Amino acid sequence: MNLETLEVLAVVMARAGSVGLPNKSLRPLLGKPVITYTLSHVRESTLISRAVVSSDSPEILAVAKAEGFETLTRPPDLATSTSATDPVLRPAIATLYAPMNNEHSTMHNHLTVMLYGNIPLRANHM
């Protein structure tokens, strides 16, 4: 199996709450919400074939939709400062691939990457 045959799913995680800076994914940086930098990184990637933004914030989800991304509303119990990433990723994957749970499913033929929506700078390795 090689990268050409794999679907690479990016799950962008961006919750509204923050202990230090609430709604930091929506804060402006050089005139744009911080999350738009992550969305641009995903869009520019040559490896990512599908992407979804997971958030508890209607405003963050609206920005993601306006940028052309799939969205998933994250339940409040998975949007706390102590929420682990795995419990957020698993339902996202199950929801996105549920329609494909049949003998023709590509679910077994994918990788998942997680990106935080509040990180505007990344090394160019995607």
# chains A, B, ... in the order shown; residues from 1 in each chain; ligands from 1
>>> select_by_dssp(residues="chain A", states="alpha helix (DSSP H)", output="ChimeraX atom specification")
/A:34-44,58-66,86-97
>>> residues_around(residues="Ser49 of chain A", least_positions_apart="2", cutoff="12 Å", atoms="only C-alpha atoms", output="short mmCIF file (atom, residue, chain, number, x, y, z; two decimals) with C-alpha atoms, in the first residue's frame")
data_model
loop_
_atom_site.label_atom_id
_atom_site.label_comp_id
_atom_site.auth_asym_id
_atom_site.auth_seq_id
_atom_site.Cartn_x
_atom_site.Cartn_y
_atom_site.Cartn_z
CA LEU A 3 0.22 7.05 -0.52
CA GLU A 4 -1.32 7.13 -3.99
CA THR A 5 -3.85 4.47 -2.95
CA LEU A 6 -4.67 5.94 0.46
CA GLU A 7 -7.29 8.50 1.30
CA VAL A 8 -5.85 10.99 3.76
CA LEU A 9 -8.49 12.54 6.01
CA ALA A 10 -7.62 15.73 7.86
CA VAL A 11 -9.65 16.52 10.96
CA VAL A 42 -5.03 21.76 4.30
CA ARG A 43 -6.08 23.14 0.92
CA GLU A 44 -2.44 23.47 -0.21
CA SER A 45 -1.52 19.94 0.84
CA THR A 46 -0.77 17.49 -1.91
CA LEU A 47 -1.47 14.54 0.40
CA ALA A 51 -10.98 17.37 5.31
CA VAL A 52 -13.49 18.20 8.01
CA PHE A 69 -14.94 22.53 4.19
CA HIS A 110 -7.21 5.68 4.74
CA LEU A 111 -5.02 7.64 7.10
CA THR A 112 -6.23 10.32 9.48
CA VAL A 113 -4.28 13.40 10.45
CA MET A 126 2.02 18.28 4.27
#
>>> closest_residue(among="A:Leu26, A:Pro75, A:Thr38, A:Ala66", to="Arg122 of chain A", atoms="only C-alpha atoms")
A:Thr38
>>> select_by_dssp(residues="chain A", states="strand (DSSP E or B)", output="list in words")
Glu7, Val8, Leu9, Ala10, Val11, Val12, Met13, Pro28, Leu29, Lys32, Pro33, Arg50, Ala51, Val52, Val53, Ser54, Ser55, Glu70, Thr71, Leu72, Thr73, His110, Leu111, Thr112, Val113, Met114, Leu115 and Tyr116 of chain A
>>> residues_around(residues="Gly117 of chain A", least_positions_apart="4", cutoff="6 Å", atoms="only C-alpha atoms", output="CSV table (one decimal) with all heavy atoms, in the first residue's frame")
chain,number,residue,atom,x,y,z
A,12,VAL,N,-9.7,18.9,11.4
A,12,VAL,CA,-9.2,20.1,12.0
A,12,VAL,C,-10.1,20.3,13.2
A,12,VAL,O,-11.3,20.4,13.2
A,12,VAL,CB,-9.4,21.3,11.0
A,12,VAL,CG1,-9.0,22.7,11.7
A,12,VAL,CG2,-8.6,21.1,9.7
A,13,MET,N,-9.4,20.4,14.4
A,13,MET,CA,-10.1,20.5,15.6
A,13,MET,C,-10.0,22.0,16.1
A,13,MET,O,-8.9,22.5,16.2
A,13,MET,CB,-9.5,19.5,16.7
A,13,MET,CG,-9.6,18.1,16.1
A,13,MET,SD,-9.3,16.7,17.2
A,13,MET,CE,-8.8,17.4,18.7
A,14,ALA,N,-11.1,22.6,16.4
A,14,ALA,CA,-11.2,24.0,16.8
A,14,ALA,C,-12.3,24.2,17.7
A,14,ALA,O,-13.4,24.5,17.3
A,14,ALA,CB,-11.3,24.9,15.5
A,25,SER,N,-9.3,30.6,17.8
A,25,SER,CA,-9.3,30.2,16.3
A,25,SER,C,-10.0,31.3,15.5
A,25,SER,O,-9.7,31.3,14.3
A,25,SER,CB,-10.1,28.9,16.2
A,25,SER,OG,-9.3,27.8,16.7
A,35,ILE,N,-8.0,30.4,12.2
A,35,ILE,CA,-8.3,29.1,11.6
A,35,ILE,C,-8.1,29.1,10.1
A,35,ILE,O,-7.8,28.1,9.5
A,35,ILE,CB,-9.7,28.6,12.0
A,35,ILE,CG1,-9.9,27.2,11.6
A,35,ILE,CG2,-10.8,29.5,11.4
A,35,ILE,CD1,-11.1,26.5,12.2
A,38,THR,N,-4.9,27.5,9.0
A,38,THR,CA,-4.9,26.0,9.0
A,38,THR,C,-5.7,25.5,7.8
A,38,THR,O,-5.2,24.5,7.1
A,38,THR,CB,-5.5,25.5,10.3
A,38,THR,OG1,-4.7,25.8,11.4
A,38,THR,CG2,-5.7,23.9,10.3
>>> residues_around(residues="Pro76 of chain A", least_positions_apart="2", cutoff="10 Å", atoms="only C-alpha atoms", output="MDAnalysis selection string")
chainID A and resid 15 55:57 73:74 78:80 83
>>> write_last_selection(atoms="N, CA, C and O atoms", output="PDB file, in the first residue's frame")
ATOM      1  N   ARG A  15     -12.071  24.176  19.001  1.00  0.00           N
ATOM      2  CA  ARG A  15     -13.161  24.430  19.943  1.00  0.00           C
ATOM      3  C   ARG A  15     -13.199  25.909  20.304  1.00  0.00           C
ATOM      4  O   ARG A  15     -12.206  26.623  20.176  1.00  0.00           O
ATOM      5  N   SER A  55     -15.952  21.262  15.537  1.00  0.00           N
ATOM      6  CA  SER A  55     -16.001  22.355  16.501  1.00  0.00           C
ATOM      7  C   SER A  55     -17.333  22.390  17.231  1.00  0.00           C
ATOM      8  O   SER A  55     -18.347  21.906  16.730  1.00  0.00           O
ATOM      9  N   ASP A  56     -17.304  23.004  18.405  1.00  0.00           N
ATOM     10  CA  ASP A  56     -18.516  23.268  19.162  1.00  0.00           C
ATOM     11  C   ASP A  56     -19.028  24.678  18.891  1.00  0.00           C
ATOM     12  O   ASP A  56     -20.069  25.080  19.398  1.00  0.00           O
ATOM     13  N   SER A  57     -18.314  25.433  18.070  1.00  0.00           N
ATOM     14  CA  SER A  57     -18.634  26.832  17.804  1.00  0.00           C
ATOM     15  C   SER A  57     -19.350  27.008  16.467  1.00  0.00           C
ATOM     16  O   SER A  57     -18.775  26.720  15.418  1.00  0.00           O
ATOM     17  N   THR A  73     -20.370  19.134  14.081  1.00  0.00           N
ATOM     18  CA  THR A  73     -20.591  19.793  15.364  1.00  0.00           C
ATOM     19  C   THR A  73     -20.126  18.868  16.471  1.00  0.00           C
ATOM     20  O   THR A  73     -20.588  17.734  16.576  1.00  0.00           O
ATOM     21  N   ARG A  74     -19.201  19.369  17.277  1.00  0.00           N
ATOM     22  CA  ARG A  74     -18.642  18.574  18.368  1.00  0.00           C
ATOM     23  C   ARG A  74     -19.549  18.695  19.594  1.00  0.00           C
ATOM     24  O   ARG A  74     -19.935  19.787  19.985  1.00  0.00           O
ATOM     25  N   LEU A  78     -17.164  16.839  24.565  1.00  0.00           N
ATOM     26  CA  LEU A  78     -15.886  16.629  23.875  1.00  0.00           C
ATOM     27  C   LEU A  78     -15.215  17.959  23.510  1.00  0.00           C
ATOM     28  O   LEU A  78     -14.293  17.998  22.698  1.00  0.00           O
ATOM     29  N   ALA A  79     -15.705  19.044  24.112  1.00  0.00           N
ATOM     30  CA  ALA A  79     -15.165  20.374  23.807  1.00  0.00           C
ATOM     31  C   ALA A  79     -14.684  21.080  25.068  1.00  0.00           C
ATOM     32  O   ALA A  79     -14.771  22.294  25.178  1.00  0.00           O
ATOM     33  N   THR A  80     -14.162  20.323  26.003  1.00  0.00           N
ATOM     34  CA  THR A  80     -13.662  20.908  27.243  1.00  0.00           C
ATOM     35  C   THR A  80     -12.138  20.999  27.190  1.00  0.00           C
ATOM     36  O   THR A  80     -11.497  20.393  26.329  1.00  0.00           O
ATOM     37  N   SER A  83     -10.650  17.519  27.386  1.00  0.00           N
ATOM     38  CA  SER A  83     -11.017  16.509  26.389  1.00  0.00           C
ATOM     39  C   SER A  83      -9.780  15.998  25.676  1.00  0.00           C
ATOM     40  O   SER A  83      -8.959  16.774  25.194  1.00  0.00           O
TER      41      SER A  83
END
>>> residues_around(residues="Ser81 of chain A", least_positions_apart="5", cutoff="10 Å", atoms="only C-alpha atoms", output="list in words")
Arg15, Gly17, Ser18 and Val19 of chain A
>>> write_last_selection(atoms="N, CA, C and O atoms", output="PDB file, in the first residue's frame")
ATOM      1  N   ARG A  15     -12.071  24.176  19.001  1.00  0.00           N
ATOM      2  CA  ARG A  15     -13.161  24.430  19.943  1.00  0.00           C
ATOM      3  C   ARG A  15     -13.199  25.909  20.304  1.00  0.00           C
ATOM      4  O   ARG A  15     -12.206  26.623  20.176  1.00  0.00           O
ATOM      5  N   GLY A  17     -13.982  27.266  23.370  1.00  0.00           N
ATOM      6  CA  GLY A  17     -13.446  27.599  24.686  1.00  0.00           C
ATOM      7  C   GLY A  17     -11.944  27.483  24.741  1.00  0.00           C
ATOM      8  O   GLY A  17     -11.314  26.733  24.010  1.00  0.00           O
ATOM      9  N   SER A  18     -11.373  28.285  25.592  1.00  0.00           N
ATOM     10  CA  SER A  18      -9.937  28.235  25.848  1.00  0.00           C
ATOM     11  C   SER A  18      -9.710  28.854  27.213  1.00  0.00           C
ATOM     12  O   SER A  18     -10.312  29.871  27.543  1.00  0.00           O
ATOM     13  N   VAL A  19      -8.851  28.238  27.978  1.00  0.00           N
ATOM     14  CA  VAL A  19      -8.554  28.775  29.302  1.00  0.00           C
ATOM     15  C   VAL A  19      -7.870  30.132  29.174  1.00  0.00           C
ATOM     16  O   VAL A  19      -8.200  31.079  29.863  1.00  0.00           O
TER      17      VAL A  19
END
>>> decode(residues="segment 64-77 of chain A", atoms="all heavy atoms", output="tab-separated table (two decimals), in the first residue's frame")
chain	number	residue	atom	x	y	z
A	64	ALA	N	-15.57	27.72	8.40
A	64	ALA	CA	-15.13	26.52	7.67
A	64	ALA	C	-16.03	26.26	6.46
A	64	ALA	O	-15.54	25.96	5.37
A	64	ALA	CB	-15.11	25.31	8.61
A	65	LYS	N	-17.34	26.35	6.65
A	65	LYS	CA	-18.27	26.15	5.53
A	65	LYS	C	-18.05	27.18	4.44
A	65	LYS	O	-18.05	26.85	3.25
A	65	LYS	CB	-19.72	26.20	6.02
A	65	LYS	CG	-20.16	24.95	6.73
A	65	LYS	CD	-21.61	25.06	7.17
A	65	LYS	CE	-21.97	23.84	7.99
A	65	LYS	NZ	-23.34	23.94	8.53
A	66	ALA	N	-17.84	28.44	4.84
A	66	ALA	CA	-17.59	29.50	3.86
A	66	ALA	C	-16.31	29.25	3.07
A	66	ALA	O	-16.20	29.66	1.91
A	66	ALA	CB	-17.52	30.86	4.56
A	67	GLU	N	-15.37	28.54	3.68
A	67	GLU	CA	-14.11	28.19	3.01
A	67	GLU	C	-14.23	26.88	2.22
A	67	GLU	O	-13.25	26.41	1.65
A	67	GLU	CB	-13.00	28.06	4.06
A	67	GLU	CG	-12.62	29.36	4.73
A	67	GLU	CD	-11.66	30.20	3.91
A	67	GLU	OE1	-10.90	29.64	3.11
A	67	GLU	OE2	-11.68	31.43	4.07
A	68	GLY	N	-15.43	26.27	2.23
A	68	GLY	CA	-15.67	25.07	1.44
A	68	GLY	C	-15.37	23.76	2.13
A	68	GLY	O	-15.23	22.73	1.46
A	69	PHE	N	-15.28	23.75	3.45
A	69	PHE	CA	-14.94	22.53	4.19
A	69	PHE	C	-16.17	21.84	4.75
A	69	PHE	O	-17.16	22.49	5.08
A	69	PHE	CB	-13.98	22.86	5.34
A	69	PHE	CG	-12.57	23.11	4.87
A	69	PHE	CD1	-12.21	24.33	4.33
A	69	PHE	CD2	-11.63	22.10	4.93
A	69	PHE	CE1	-10.93	24.57	3.88
A	69	PHE	CE2	-10.33	22.32	4.47
A	69	PHE	CZ	-9.99	23.55	3.95
A	70	GLU	N	-16.08	20.52	4.87
A	70	GLU	CA	-17.09	19.76	5.59
A	70	GLU	C	-16.98	20.13	7.06
A	70	GLU	O	-15.88	20.46	7.53
A	70	GLU	CB	-16.85	18.26	5.46
A	70	GLU	CG	-17.05	17.69	4.08
A	70	GLU	CD	-16.78	16.19	4.06
A	70	GLU	OE1	-17.63	15.43	4.58
A	70	GLU	OE2	-15.72	15.80	3.55
A	71	THR	N	-18.09	20.03	7.78
A	71	THR	CA	-18.06	20.37	9.20
A	71	THR	C	-18.79	19.32	10.03
A	71	THR	O	-19.71	18.66	9.53
A	71	THR	CB	-18.70	21.75	9.47
A	71	THR	OG1	-20.07	21.71	9.05
A	71	THR	CG2	-17.96	22.87	8.76
A	72	LEU	N	-18.36	19.20	11.27
A	72	LEU	CA	-19.02	18.35	12.24
A	72	LEU	C	-19.17	19.13	13.54
A	72	LEU	O	-18.19	19.71	14.02
A	72	LEU	CB	-18.20	17.09	12.53
A	72	LEU	CG	-18.13	16.04	11.44
A	72	LEU	CD1	-17.14	14.95	11.83
A	72	LEU	CD2	-19.51	15.43	11.20
A	73	THR	N	-20.37	19.13	14.08
A	73	THR	CA	-20.59	19.79	15.36
A	73	THR	C	-20.13	18.87	16.47
A	73	THR	O	-20.59	17.73	16.58
A	73	THR	CB	-22.08	20.15	15.55
A	73	THR	OG1	-22.47	20.99	14.46
A	73	THR	CG2	-22.30	20.87	16.86
A	74	ARG	N	-19.20	19.37	17.28
A	74	ARG	CA	-18.64	18.57	18.37
A	74	ARG	C	-19.55	18.69	19.59
A	74	ARG	O	-19.94	19.79	19.98
A	74	ARG	CB	-17.25	19.07	18.72
A	74	ARG	CG	-16.53	18.11	19.63
A	74	ARG	CD	-15.16	18.55	20.04
A	74	ARG	NE	-14.38	19.19	19.00
A	74	ARG	CZ	-13.19	19.70	19.22
A	74	ARG	NH1	-12.65	19.64	20.42
A	74	ARG	NH2	-12.52	20.28	18.26
A	75	PRO	N	-19.89	17.56	20.23
A	75	PRO	CA	-20.72	17.61	21.44
A	75	PRO	C	-20.00	18.35	22.57
A	75	PRO	O	-18.77	18.31	22.66
A	75	PRO	CB	-20.92	16.14	21.82
A	75	PRO	CG	-20.41	15.33	20.68
A	75	PRO	CD	-19.54	16.20	19.84
A	76	PRO	N	-20.75	19.03	23.43
A	76	PRO	CA	-20.14	19.80	24.52
A	76	PRO	C	-19.19	18.99	25.41
A	76	PRO	O	-18.17	19.51	25.85
A	76	PRO	CB	-21.34	20.30	25.33
A	76	PRO	CG	-22.48	20.27	24.39
A	76	PRO	CD	-22.20	19.16	23.41
A	77	ASP	N	-19.51	17.72	25.65
A	77	ASP	CA	-18.64	16.91	26.51
A	77	ASP	C	-17.29	16.60	25.87
A	77	ASP	O	-16.35	16.18	26.55
A	77	ASP	CB	-19.34	15.62	26.95
A	77	ASP	CG	-19.71	14.73	25.78
A	77	ASP	OD1	-20.27	15.23	24.79
A	77	ASP	OD2	-19.45	13.51	25.87
